[in-house]
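To be precise, the following lines are target.txt, and they hold compact mmCIF, C-alpha atoms and all ligand atoms.
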```txt
# COMPACT_ATOMS: atom_id res chain seq x y z
CA MET L 223 -55.25 -30.09 -48.33
CA PRO L 224 -54.67 -28.26 -45.02
CA ALA L 225 -56.17 -30.05 -41.98
CA PRO L 226 -59.38 -28.43 -40.71
CA PHE L 227 -58.52 -26.17 -37.78
CA VAL L 228 -59.54 -27.45 -34.34
CA ASP L 229 -59.62 -24.76 -31.65
CA PRO L 230 -57.14 -26.09 -29.05
CA ARG L 231 -58.57 -24.15 -26.07
CA PRO L 232 -61.32 -26.64 -25.07
CA LEU L 233 -58.77 -29.48 -25.28
CA TYR L 234 -56.58 -27.87 -22.62
CA GLU L 235 -59.24 -26.22 -20.46
CA THR L 236 -58.21 -28.41 -17.54
CA GLU L 237 -54.78 -29.86 -16.89
CA SER L 238 -55.77 -33.50 -16.52
CA PRO L 239 -55.82 -34.78 -20.17
CA LEU L 240 -52.36 -33.41 -20.90
CA SER L 241 -51.04 -34.48 -17.46
CA THR L 242 -52.20 -38.03 -18.23
CA ARG L 243 -50.36 -38.03 -21.57
CA VAL L 244 -47.23 -36.44 -20.10
CA GLY L 245 -47.34 -39.03 -17.29
CA ALA L 246 -47.59 -41.88 -19.84
CA PHE L 247 -44.63 -40.52 -21.82
CA GLY L 248 -42.63 -40.07 -18.61
CA ARG L 249 -43.29 -43.65 -17.44
CA TYR L 250 -43.37 -45.63 -20.66
CA LEU L 251 -41.42 -43.86 -23.42
CA VAL L 252 -38.35 -45.83 -24.49
CA VAL L 253 -36.42 -44.30 -27.38
CA ASP L 254 -33.63 -45.80 -29.46
CA GLU L 255 -30.00 -44.85 -28.80
CA ALA L 256 -29.77 -42.30 -31.63
CA SER L 257 -32.91 -40.51 -30.41
CA GLN L 258 -31.63 -40.45 -26.83
CA SER L 259 -28.34 -38.83 -27.92
CA LEU L 260 -30.32 -36.37 -30.04
CA PHE L 261 -32.47 -35.41 -27.02
CA ASP L 262 -29.36 -35.06 -24.80
CA ASP L 263 -27.47 -32.98 -27.40
CA VAL L 264 -30.39 -30.62 -27.96
CA THR L 265 -30.94 -30.24 -24.20
CA ARG L 266 -27.24 -29.31 -23.75
CA GLU L 267 -27.40 -26.90 -26.72
CA VAL L 268 -30.49 -25.16 -25.29
CA ALA L 269 -28.65 -24.77 -21.94
CA ARG L 270 -25.92 -22.87 -23.79
CA HIS L 271 -28.49 -20.40 -25.18
CA SER L 272 -29.86 -18.53 -22.19
CA PRO L 273 -32.47 -17.24 -21.35
CA VAL L 274 -34.96 -19.86 -22.54
CA LEU L 275 -38.56 -19.28 -23.66
CA ASP L 276 -40.95 -22.25 -23.55
CA ILE L 277 -43.85 -21.54 -25.94
CA GLY L 278 -46.97 -23.63 -25.21
CA CYS L 279 -45.41 -25.11 -22.06
CA GLY L 280 -48.49 -27.20 -21.18
CA VAL L 281 -48.21 -28.62 -17.67
CA GLY L 282 -44.54 -27.62 -17.35
CA VAL L 283 -42.99 -31.01 -18.09
CA PRO L 284 -42.68 -31.74 -21.81
CA LEU L 285 -43.96 -34.93 -23.43
CA LEU L 286 -40.50 -35.54 -24.87
CA PRO L 287 -37.38 -35.00 -22.74
CA VAL L 288 -35.96 -32.44 -25.16
CA GLY L 289 -34.82 -29.30 -23.34
CA PRO L 290 -35.69 -28.28 -19.80
CA ALA L 291 -38.91 -28.50 -17.82
CA ALA L 292 -40.38 -25.29 -16.39
CA PHE L 293 -38.75 -25.90 -13.00
CA ASP L 294 -35.32 -26.84 -14.29
CA ARG L 295 -33.87 -23.40 -14.92
CA PRO L 296 -34.18 -20.04 -13.20
CA ASP L 297 -33.65 -18.26 -16.55
CA MET L 298 -36.72 -19.83 -18.17
CA VAL L 299 -39.94 -18.08 -19.08
CA ALA L 300 -42.80 -20.44 -19.88
CA GLY L 301 -46.18 -19.59 -21.35
CA ASP L 302 -49.34 -21.13 -22.69
CA LEU L 303 -52.87 -20.23 -23.74
CA SER L 304 -54.32 -22.38 -20.95
CA ILE L 305 -54.57 -20.54 -17.65
CA ARG L 306 -55.60 -23.71 -15.76
CA GLN L 307 -52.48 -25.52 -16.91
CA LEU L 308 -50.29 -22.57 -15.94
CA ARG L 309 -51.91 -22.52 -12.48
CA SER L 310 -51.20 -26.23 -12.06
CA ILE L 311 -47.49 -25.55 -12.69
CA GLY L 312 -47.49 -22.69 -10.16
CA MET L 313 -49.20 -24.91 -7.57
CA ALA L 314 -46.72 -27.75 -8.07
CA ALA L 315 -43.72 -25.43 -7.56
CA SER L 316 -41.91 -26.25 -4.31
CA GLY L 317 -39.41 -23.38 -4.55
CA PRO L 318 -39.92 -20.00 -6.23
CA PRO L 319 -42.43 -20.51 -9.05
CA PRO L 320 -40.99 -20.38 -12.54
CA GLY L 321 -41.70 -17.33 -14.75
CA LEU L 322 -45.15 -18.13 -16.12
CA LEU L 323 -47.27 -16.05 -18.49
CA GLN L 324 -50.45 -16.55 -20.45
CA PHE L 325 -49.74 -15.80 -24.09
CA ASP L 326 -50.57 -16.73 -27.65
CA ALA L 327 -47.67 -18.11 -29.69
CA ALA L 328 -48.89 -16.03 -32.63
CA ARG L 329 -48.31 -12.76 -30.68
CA LEU L 330 -45.51 -13.14 -28.17
CA PRO L 331 -45.41 -10.33 -25.58
CA PHE L 332 -41.62 -9.88 -25.76
CA ARG L 333 -39.21 -7.49 -27.43
CA ALA L 334 -37.14 -8.62 -30.40
CA ALA L 335 -33.98 -10.60 -29.56
CA SER L 336 -34.89 -11.11 -25.86
CA PHE L 337 -34.02 -14.84 -25.66
CA GLY L 338 -31.09 -17.13 -26.36
CA SER L 339 -33.42 -19.96 -27.25
CA ALA L 340 -37.10 -20.68 -27.75
CA LEU L 341 -38.88 -24.04 -27.62
CA ALA L 342 -42.19 -25.03 -29.19
CA ARG L 343 -42.62 -28.66 -28.19
CA HIS L 344 -45.59 -30.55 -29.63
CA MET L 345 -47.60 -27.38 -30.05
CA LEU L 346 -47.09 -25.72 -33.45
CA TYR L 347 -49.76 -27.99 -34.96
CA HIS L 348 -52.35 -26.17 -32.85
CA LEU L 349 -51.83 -22.90 -34.73
CA PRO L 350 -54.14 -22.19 -37.69
CA ASP L 351 -50.92 -21.20 -39.49
CA PRO L 352 -47.76 -22.47 -37.71
CA ARG L 353 -45.72 -20.03 -39.81
CA THR L 354 -46.98 -17.08 -37.72
CA ALA L 355 -45.64 -18.70 -34.53
CA ALA L 356 -42.35 -19.60 -36.26
CA ALA L 357 -41.97 -15.94 -37.30
CA GLU L 358 -42.65 -14.82 -33.73
CA ALA L 359 -40.07 -17.27 -32.36
CA ALA L 360 -37.54 -15.96 -34.89
CA ARG L 361 -38.31 -12.39 -33.80
CA VAL L 362 -37.76 -12.99 -30.06
CA ILE L 363 -34.49 -14.94 -30.23
CA ARG L 364 -31.10 -13.29 -30.70
CA ASP L 365 -29.25 -13.51 -34.03
CA ASP L 366 -27.08 -16.30 -32.57
CA GLY L 367 -30.14 -17.91 -30.94
CA LEU L 368 -31.69 -21.33 -31.27
CA PHE L 369 -35.27 -22.41 -31.93
CA VAL L 370 -36.35 -26.00 -31.29
CA ALA L 371 -39.71 -27.47 -32.32
CA THR L 372 -40.77 -31.07 -31.67
CA THR L 373 -43.64 -33.01 -33.18
CA ASN L 374 -45.02 -36.41 -34.14
CA SER L 375 -44.85 -38.29 -37.38
CA SER L 376 -48.10 -38.85 -39.26
CA ARG L 377 -47.38 -42.57 -38.72
CA SER L 378 -47.00 -42.41 -34.93
CA ARG L 379 -49.03 -44.88 -32.78
CA PRO L 380 -50.37 -46.93 -35.71
CA GLU L 381 -51.57 -49.73 -33.40
CA LEU L 382 -53.87 -47.41 -31.44
CA GLN L 383 -54.79 -45.27 -34.43
CA ASP L 384 -55.92 -48.33 -36.42
CA ALA L 385 -57.93 -49.69 -33.48
CA HIS L 386 -59.58 -46.30 -32.99
CA THR L 387 -60.42 -45.93 -36.70
CA GLU L 388 -61.92 -49.44 -36.82
CA ALA L 389 -63.94 -49.02 -33.62
CA ALA L 390 -65.19 -45.50 -34.36
CA THR L 391 -66.20 -46.56 -37.87
CA ASP L 392 -68.06 -49.64 -36.54
CA LEU L 393 -69.93 -47.56 -33.96
CA GLY L 394 -70.69 -44.59 -36.21
CA GLY L 395 -68.38 -42.14 -34.41
CA ARG L 396 -66.81 -38.98 -35.76
CA LEU L 397 -63.34 -39.49 -37.18
CA VAL L 398 -61.22 -36.37 -36.91
CA GLU L 399 -58.00 -35.57 -38.71
CA ARG L 400 -54.90 -36.23 -36.59
CA MET L 401 -54.20 -33.21 -34.42
CA SER L 402 -50.56 -32.99 -35.57
CA THR L 403 -51.32 -32.93 -39.32
CA ASN L 404 -50.88 -29.16 -39.42
CA PHE L 405 -47.26 -29.46 -38.31
CA ASP L 406 -45.92 -33.01 -38.31
CA ALA L 407 -42.52 -34.55 -39.00
CA GLU L 408 -43.34 -34.71 -42.69
CA SER L 409 -44.79 -31.21 -43.18
CA GLY L 410 -43.14 -29.12 -40.43
CA GLY L 411 -39.82 -28.26 -42.09
CA SER L 412 -41.40 -26.32 -44.93
CA LYS L 413 -43.37 -24.21 -42.42
CA LEU L 414 -40.19 -23.16 -40.60
CA ALA L 415 -38.10 -22.45 -43.68
CA GLY L 416 -39.33 -18.86 -44.17
CA SER L 417 -38.28 -17.82 -40.64
CA PHE L 418 -34.84 -19.43 -40.25
CA LEU L 419 -31.78 -19.66 -42.51
CA GLU L 420 -31.06 -23.19 -41.30
CA VAL L 421 -33.66 -25.80 -40.39
CA ARG L 422 -32.34 -29.24 -39.48
CA ALA L 423 -34.93 -32.02 -39.13
CA GLU L 424 -33.78 -34.89 -36.90
CA PRO L 425 -36.01 -37.96 -36.59
CA TRP L 426 -36.78 -39.57 -33.24
CA SER L 427 -38.36 -42.98 -32.68
CA GLY L 428 -39.24 -45.39 -29.93
CA VAL L 429 -42.11 -47.13 -28.20
CA LEU L 430 -44.58 -46.29 -25.50
CA ALA L 431 -43.97 -49.55 -23.66
CA PHE L 432 -47.34 -49.86 -21.92
CA PRO L 433 -47.41 -52.86 -19.55
CA GLY L 434 -50.91 -53.78 -20.74
CA VAL L 435 -54.05 -52.71 -22.57
CA ASP L 436 -55.53 -51.04 -19.45
CA GLU L 437 -52.70 -48.50 -19.41
CA VAL L 438 -53.14 -47.87 -23.15
CA LEU L 439 -56.80 -47.17 -22.50
CA ASP L 440 -56.03 -44.58 -19.80
CA TYR L 441 -53.83 -42.84 -22.34
CA TYR L 442 -56.40 -43.23 -25.14
CA ARG L 443 -59.18 -41.69 -23.05
CA SER L 444 -57.06 -38.53 -22.63
CA ALA L 445 -56.71 -38.05 -26.40
CA ALA L 446 -58.62 -35.36 -28.28
CA TYR L 447 -59.63 -37.74 -31.10
CA PHE L 448 -61.28 -40.04 -28.52
CA GLU L 449 -63.13 -37.14 -26.87
CA MET L 450 -64.27 -35.78 -30.22
CA ALA L 451 -65.56 -39.11 -31.59
CA PHE L 452 -68.88 -38.94 -29.68
CA ASP L 453 -70.81 -36.26 -27.78
CA THR L 454 -71.95 -38.44 -24.88
CA ALA L 455 -69.95 -40.21 -22.19
CA ALA L 456 -71.99 -43.39 -22.75
CA ASP L 457 -71.02 -43.52 -26.44
CA ARG L 458 -67.39 -42.85 -25.59
CA ALA L 459 -67.48 -45.68 -23.05
CA ARG L 460 -68.71 -48.03 -25.80
CA LEU L 461 -65.91 -46.80 -28.05
CA ALA L 462 -63.28 -47.42 -25.37
CA GLY L 463 -64.71 -50.90 -24.82
CA ARG L 464 -64.49 -51.75 -28.51
CA VAL L 465 -60.92 -50.40 -28.76
CA ALA L 466 -60.00 -52.51 -25.72
CA GLU L 467 -61.33 -55.64 -27.47
CA ILE L 468 -59.34 -54.89 -30.63
CA LEU L 469 -56.15 -54.22 -28.68
CA ARG L 470 -56.64 -57.36 -26.54
CA SER L 471 -57.02 -59.46 -29.67
CA ARG L 472 -53.63 -58.13 -30.72
CA PHE L 473 -51.70 -57.96 -27.43
CA GLY L 474 -53.57 -60.42 -25.19
CA ASP L 475 -52.96 -59.82 -21.48
CA GLY L 476 -49.29 -58.95 -21.95
CA PRO L 477 -47.36 -55.77 -22.76
CA ALA L 478 -48.98 -53.44 -25.30
CA PRO L 479 -46.23 -51.36 -26.92
CA LEU L 480 -47.19 -48.52 -29.27
CA THR L 481 -44.72 -47.41 -31.93
CA VAL L 482 -44.04 -43.66 -31.74
CA GLY L 483 -41.83 -41.25 -33.61
CA GLY L 484 -41.51 -37.81 -35.05
CA ALA L 485 -39.02 -35.03 -35.60
CA VAL L 486 -37.02 -32.48 -33.68
CA PHE L 487 -36.48 -29.36 -35.78
CA ILE L 488 -33.36 -27.40 -34.84
CA CYS L 489 -33.42 -23.91 -36.31
CA THR L 490 -30.78 -21.17 -36.41
CA GLY L 491 -30.35 -17.90 -38.27
CA PRO L 492 -33.62 -16.13 -37.47
CA VAL L 493 -34.98 -14.12 -40.38
CA ARG L 494 -36.71 -10.89 -39.34
C1 LIG O 1 -49.69 -31.16 -26.77
S1 LIG O 1 -49.51 -29.83 -25.63
C2 LIG O 1 -47.75 -29.77 -25.45
C3 LIG O 1 -47.31 -29.11 -24.18
C4 LIG O 1 -45.81 -29.13 -23.91
N1 LIG O 1 -45.08 -28.24 -24.78
C5 LIG O 1 -45.25 -30.52 -24.02
O1 LIG O 1 -44.31 -30.76 -24.78
O2 LIG O 1 -45.79 -31.40 -23.32
C6 LIG O 1 -49.86 -28.38 -26.59
C7 LIG O 1 -49.89 -27.10 -25.75
O3 LIG O 1 -49.94 -25.96 -26.61
C8 LIG O 1 -50.81 -24.99 -26.03
N2 LIG O 1 -51.24 -24.09 -27.10
C9 LIG O 1 -52.04 -24.37 -28.14
N3 LIG O 1 -52.17 -23.29 -28.95
C10 LIG O 1 -51.41 -22.31 -28.40
C11 LIG O 1 -51.11 -20.96 -28.75
N4 LIG O 1 -51.64 -20.40 -29.86
N5 LIG O 1 -50.31 -20.25 -27.95
C12 LIG O 1 -49.79 -20.79 -26.82
N6 LIG O 1 -50.01 -22.06 -26.44
C13 LIG O 1 -50.82 -22.81 -27.21
C14 LIG O 1 -51.92 -25.82 -25.42
O4 LIG O 1 -52.65 -25.11 -24.46
C15 LIG O 1 -51.11 -26.99 -24.85
O5 LIG O 1 -50.68 -26.71 -23.53
```
Just give me the structure of the file as structure tokens.
Ligand SMILES: C[S@@+](CC[C@H](N)C(=O)[O-])C[C@H]1O[C@@H](n2cnc3c(N)ncnc32)[C@H](O)[C@@H]1O
Amino acid sequence: MPAPFVDPRPLYETESPLSTRVGAFGRYLVVDEASQSLFDDVTREVARHSPVLDIGCGVGVPLLPVGPAAFDRPDMVAGDLSIRQLRSIGMAASGPPPGLLQFDAARLPFRAASFGSALARHMLYHLPDPRTAAAEAARVIRDDGLFVATTNSSRSRPELQDAHTEAATDLGGRLVERMSTNFDAESGGSKLAGSFLEVRAEPWSGVLAFPGVDEVLDYYRSAAYFEMAFDTAADRARLAGRVAEILRSRFGDGPAPLTVGGAVFICTGPVR
């Protein structure tokens, strides 16, 4: 069963929810050694395939340190549906602003074979059909180009997911399908296969090593499934309170690590 489509635009209308999540990943993500070498290898490989297109660049710094941030390279073009997020990147630029464009991943405004590499990091699950964006990425990279897509596993963050499910069920909230179901570590490969001759799926895993439950809650409140559980702020506050109780019964006042993981898909041989 395909996941019901959730329009991503309201979720990224302002930059603050994604900035909060990117900040949490930047501060607290600790990955195992194999994942770190994977991230480093892919970042080096992307650097060898210039120029770089960042599709769905968000706030300019990716959740996972796989490939460059919008400011890292002068040869990078970055784009997103969200104009507010793009503005926030432009405003944060200290030197010349990076090449930023508003675009839809399903209709990239570039000629065929314009890029050495293209990145779609934690974003293909927002497309009603991720295959259309994969086909567009294959169209805009050169024959010797590289396409990299990152995503979560359907089993990522079980500690928080279970607490949310329990609390939302207790309080009569709306439970929505995980946002990444449409393109996760388990289902993503098959959606890329029609657009690339070679699709390599590499797993990544680690923890978000939150120092305590309060920091988990800041992260939780920035998540779409929290926002969508109730229509009113008062109900969402009750939900956050209940989740805090469940997490405190598990972690006490100490560190509150969440298990995370997913896949990096490395694709070559674009099919046009
Ligand atoms: C979870 S964020 C990931 C952002 C960034 N790539 C990262 O790794 O942090 C998903 C991003 O995809 C963007 N997005 C969703 N659908 C899109 C589409 N059809 N075309 C372009 N961007 C899209 C959203 O606006 C959001 O910035």
Residue among L:Phe325, L:Phe473, L:Phe293, L:Phe332 lying closest to ligand LIG 1 (chain O), counting all atoms listed in the file: L:Phe325
Neighbours of Gly289 in chain L within 9 Å (all atoms listed in the file; same-chain residues fewer than 3 positions away dropped), as a PDB file with C-alpha atoms, keeping the file's coordinate frame?
```pdb
ATOM      1  CA  PHE L 261     -32.470 -35.410 -27.020  1.00  0.00           C
ATOM      2  CA  ASP L 262     -29.360 -35.060 -24.800  1.00  0.00           C
ATOM      3  CA  VAL L 264     -30.390 -30.620 -27.960  1.00  0.00           C
ATOM      4  CA  THR L 265     -30.940 -30.240 -24.200  1.00  0.00           C
ATOM      5  CA  ARG L 266     -27.240 -29.310 -23.750  1.00  0.00           C
ATOM      6  CA  GLU L 267     -27.400 -26.900 -26.720  1.00  0.00           C
ATOM      7  CA  VAL L 268     -30.490 -25.160 -25.290  1.00  0.00           C
ATOM      8  CA  ALA L 269     -28.650 -24.770 -21.940  1.00  0.00           C
ATOM      9  CA  PRO L 284     -42.680 -31.740 -21.810  1.00  0.00           C
ATOM     10  CA  LEU L 286     -40.500 -35.540 -24.870  1.00  0.00           C
ATOM     11  CA  LEU L 341     -38.880 -24.040 -27.620  1.00  0.00           C
ATOM     12  CA  VAL L 370     -36.350 -26.000 -31.290  1.00  0.00           C
TER      13      VAL L 370
END
```
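A distance search around ligand LIG 1 (chain O) (6 Å at most, all atoms listed in the file) returns the following protein and nucleic acid residues: Pro230, Tyr234, Gly278, Cys279, Gly280, Val283, Pro284, Leu285, Asp302, Leu303, Ser304, Phe325, Asp326, Ala327, Ala328, Arg343, His344, Met345, His348 and Leu349 of chain L.
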Using only C-alpha atoms, give me every residue within 12 Å of (-43.3, -14.9, -33.6) in file coordinates, as number ranges by chain. L: 275, 277, 325-335, 340-342, 346, 349, 351-363, 369, 414, 416-418, 492-494
Keeping only C-alpha atoms, write those residues as a short mmCIF file (atom, residue, chain, number, x, y, z; two decimals), in the coordinates of the input.
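Final output, again39.cif:
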```
data_model
loop_
_atom_site.label_atom_id
_atom_site.label_comp_id
_atom_site.auth_asym_id
_atom_site.auth_seq_id
_atom_site.Cartn_x
_atom_site.Cartn_y
_atom_site.Cartn_z
CA LEU L 275 -38.56 -19.28 -23.66
CA ILE L 277 -43.85 -21.54 -25.94
CA PHE L 325 -49.74 -15.80 -24.09
CA ASP L 326 -50.57 -16.73 -27.65
CA ALA L 327 -47.67 -18.11 -29.69
CA ALA L 328 -48.89 -16.03 -32.63
CA ARG L 329 -48.31 -12.76 -30.68
CA LEU L 330 -45.51 -13.14 -28.17
CA PRO L 331 -45.41 -10.33 -25.58
CA PHE L 332 -41.62 -9.88 -25.76
CA ARG L 333 -39.21 -7.49 -27.43
CA ALA L 334 -37.14 -8.62 -30.40
CA ALA L 335 -33.98 -10.60 -29.56
CA ALA L 340 -37.10 -20.68 -27.75
CA LEU L 341 -38.88 -24.04 -27.62
CA ALA L 342 -42.19 -25.03 -29.19
CA LEU L 346 -47.09 -25.72 -33.45
CA LEU L 349 -51.83 -22.90 -34.73
CA ASP L 351 -50.92 -21.20 -39.49
CA PRO L 352 -47.76 -22.47 -37.71
CA ARG L 353 -45.72 -20.03 -39.81
CA THR L 354 -46.98 -17.08 -37.72
CA ALA L 355 -45.64 -18.70 -34.53
CA ALA L 356 -42.35 -19.60 -36.26
CA ALA L 357 -41.97 -15.94 -37.30
CA GLU L 358 -42.65 -14.82 -33.73
CA ALA L 359 -40.07 -17.27 -32.36
CA ALA L 360 -37.54 -15.96 -34.89
CA ARG L 361 -38.31 -12.39 -33.80
CA VAL L 362 -37.76 -12.99 -30.06
CA ILE L 363 -34.49 -14.94 -30.23
CA PHE L 369 -35.27 -22.41 -31.93
CA LEU L 414 -40.19 -23.16 -40.60
CA GLY L 416 -39.33 -18.86 -44.17
CA SER L 417 -38.28 -17.82 -40.64
CA PHE L 418 -34.84 -19.43 -40.25
CA PRO L 492 -33.62 -16.13 -37.47
CA VAL L 493 -34.98 -14.12 -40.38
CA ARG L 494 -36.71 -10.89 -39.34
#
```
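Between Arg249 in chain L and the residues L:Tyr447, L:Phe452, L:Phe432, L:Tyr442, the shortest atom-to-atom distance, using all atoms listed in the file, involves L:Phe432.
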Quick one: pull the distance between CA of Gly491 in chain L and CA of His271 in chain L, Å, one decimal. 13.5 Å
Take the point (-41.4, -41.3, -22.6) as written in the file and pick out every residue within 12 Å of it, counting all atoms listed in the file; give the list as an MDAnalysis selection string. chainID L and resid 243:254 257:258 261 283:288 426:432 479:483
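Pairwise distance (CA of Thr387 in chain L, CA of Leu461 in chain L) equals 10.3 Å.
Across L:Ile305, L:Leu260, L:Leu382, L:Ile311, the tightest approach to Ala423 in chain L is made by L:Leu260 when counting all atoms listed in the file.
Take CA of Glu388 in chain L and CA of Ser241 in chain L: the distance between them is 26.8 Å.
Counting all atoms listed in the file, the residue from L:Gly394, L:Pro425, L:Pro380, L:Pro477 that sits nearest to Ser259 in chain L is L:Pro425.
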Could you tell me which of L:Glu255, L:Glu420, L:Asp457, L:Asp475 comes closest to Leu393 in chain L if we count only C-alpha atoms? L:Asp457
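Taking all atoms listed in the file into account, Leu419 in chain L lies nearest to L:Thr490 out of the set L:Ser272, L:Thr490, L:Gln324, L:Thr236.
Near Leu233 in chain L, within a cut-off of 10 Å and counting all atoms listed in the file, sit the residues L:Pro239, L:Leu240, L:Ser304, L:Ser444, L:Ala445, L:Ala446, L:Glu449, L:Met450, with same-chain residues fewer than 6 positions away left out.
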If you count all atoms listed in the file, which residues fall within 9 Å of Gly484 in chain L, apart from same-chain ones fewer than 2 positions away, as a ChimeraX atom specification? /L:372-378,406-408,424-427,482,486
Reconstructed all heavy atoms for range 398-405 of chain L, given as a PDB file, keeping the file's coordinate frame:
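File produced: selection-v6.pdb:
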```
ATOM      1  N   VAL L 398     -61.840 -37.674 -36.634  1.00  0.00           N
ATOM      2  CA  VAL L 398     -61.220 -36.370 -36.910  1.00  0.00           C
ATOM      3  C   VAL L 398     -59.811 -36.580 -37.429  1.00  0.00           C
ATOM      4  O   VAL L 398     -59.172 -37.586 -37.144  1.00  0.00           O
ATOM      5  CB  VAL L 398     -61.195 -35.448 -35.661  1.00  0.00           C
ATOM      6  CG1 VAL L 398     -62.589 -35.060 -35.240  1.00  0.00           C
ATOM      7  CG2 VAL L 398     -60.435 -36.089 -34.519  1.00  0.00           C
ATOM      8  N   GLU L 399     -59.373 -35.607 -38.179  1.00  0.00           N
ATOM      9  CA  GLU L 399     -58.000 -35.570 -38.710  1.00  0.00           C
ATOM     10  C   GLU L 399     -57.038 -35.607 -37.521  1.00  0.00           C
ATOM     11  O   GLU L 399     -57.325 -35.060 -36.455  1.00  0.00           O
ATOM     12  CB  GLU L 399     -57.926 -34.239 -39.448  1.00  0.00           C
ATOM     13  CG  GLU L 399     -56.738 -33.936 -40.296  1.00  0.00           C
ATOM     14  CD  GLU L 399     -56.658 -34.686 -41.595  1.00  0.00           C
ATOM     15  OE1 GLU L 399     -57.491 -34.492 -42.481  1.00  0.00           O
ATOM     16  OE2 GLU L 399     -55.695 -35.473 -41.698  1.00  0.00           O
ATOM     17  N   ARG L 400     -55.891 -36.254 -37.667  1.00  0.00           N
ATOM     18  CA  ARG L 400     -54.900 -36.230 -36.590  1.00  0.00           C
ATOM     19  C   ARG L 400     -54.550 -34.803 -36.210  1.00  0.00           C
ATOM     20  O   ARG L 400     -54.340 -33.965 -37.092  1.00  0.00           O
ATOM     21  CB  ARG L 400     -53.598 -36.845 -37.113  1.00  0.00           C
ATOM     22  CG  ARG L 400     -53.408 -38.256 -36.739  1.00  0.00           C
ATOM     23  CD  ARG L 400     -52.185 -38.765 -37.465  1.00  0.00           C
ATOM     24  NE  ARG L 400     -52.076 -40.167 -37.242  1.00  0.00           N
ATOM     25  CZ  ARG L 400     -51.265 -40.713 -36.335  1.00  0.00           C
ATOM     26  NH1 ARG L 400     -50.464 -39.978 -35.612  1.00  0.00           N
ATOM     27  NH2 ARG L 400     -51.245 -42.012 -36.180  1.00  0.00           N
ATOM     28  N   MET L 401     -54.456 -34.568 -34.902  1.00  0.00           N
ATOM     29  CA  MET L 401     -54.200 -33.210 -34.420  1.00  0.00           C
ATOM     30  C   MET L 401     -52.897 -32.651 -34.978  1.00  0.00           C
ATOM     31  O   MET L 401     -52.777 -31.463 -35.243  1.00  0.00           O
ATOM     32  CB  MET L 401     -54.136 -33.265 -32.892  1.00  0.00           C
ATOM     33  CG  MET L 401     -54.621 -32.057 -32.186  1.00  0.00           C
ATOM     34  SD  MET L 401     -56.188 -31.460 -32.756  1.00  0.00           S
ATOM     35  CE  MET L 401     -57.319 -32.633 -32.077  1.00  0.00           C
ATOM     36  N   SER L 402     -51.879 -33.513 -35.182  1.00  0.00           N
ATOM     37  CA  SER L 402     -50.560 -32.990 -35.570  1.00  0.00           C
ATOM     38  C   SER L 402     -50.393 -32.769 -37.075  1.00  0.00           C
ATOM     39  O   SER L 402     -49.332 -32.347 -37.520  1.00  0.00           O
ATOM     40  CB  SER L 402     -49.463 -33.900 -35.042  1.00  0.00           C
ATOM     41  OG  SER L 402     -49.706 -35.222 -35.417  1.00  0.00           O
ATOM     42  N   THR L 403     -51.453 -33.030 -37.857  1.00  0.00           N
ATOM     43  CA  THR L 403     -51.320 -32.930 -39.320  1.00  0.00           C
ATOM     44  C   THR L 403     -50.838 -31.556 -39.787  1.00  0.00           C
ATOM     45  O   THR L 403     -50.122 -31.440 -40.773  1.00  0.00           O
ATOM     46  CB  THR L 403     -52.692 -33.246 -39.982  1.00  0.00           C
ATOM     47  OG1 THR L 403     -53.096 -34.503 -39.492  1.00  0.00           O
ATOM     48  CG2 THR L 403     -52.610 -33.288 -41.484  1.00  0.00           C
ATOM     49  N   ASN L 404     -51.220 -30.533 -39.033  1.00  0.00           N
ATOM     50  CA  ASN L 404     -50.880 -29.160 -39.420  1.00  0.00           C
ATOM     51  C   ASN L 404     -49.394 -28.841 -39.283  1.00  0.00           C
ATOM     52  O   ASN L 404     -48.899 -27.858 -39.829  1.00  0.00           O
ATOM     53  CB  ASN L 404     -51.690 -28.200 -38.533  1.00  0.00           C
ATOM     54  CG  ASN L 404     -52.010 -26.919 -39.234  1.00  0.00           C
ATOM     55  OD1 ASN L 404     -51.936 -26.834 -40.450  1.00  0.00           O
ATOM     56  ND2 ASN L 404     -52.344 -25.906 -38.455  1.00  0.00           N
ATOM     57  N   PHE L 405     -48.710 -29.648 -38.482  1.00  0.00           N
ATOM     58  CA  PHE L 405     -47.260 -29.460 -38.310  1.00  0.00           C
ATOM     59  C   PHE L 405     -46.715 -30.793 -37.814  1.00  0.00           C
ATOM     60  O   PHE L 405     -46.575 -31.018 -36.618  1.00  0.00           O
ATOM     61  CB  PHE L 405     -46.952 -28.340 -37.295  1.00  0.00           C
ATOM     62  CG  PHE L 405     -45.483 -28.053 -37.152  1.00  0.00           C
ATOM     63  CD1 PHE L 405     -44.858 -27.119 -37.975  1.00  0.00           C
ATOM     64  CD2 PHE L 405     -44.703 -28.732 -36.222  1.00  0.00           C
ATOM     65  CE1 PHE L 405     -43.496 -26.872 -37.859  1.00  0.00           C
ATOM     66  CE2 PHE L 405     -43.338 -28.497 -36.103  1.00  0.00           C
ATOM     67  CZ  PHE L 405     -42.744 -27.555 -36.910  1.00  0.00           C
TER      68      PHE L 405
END
```
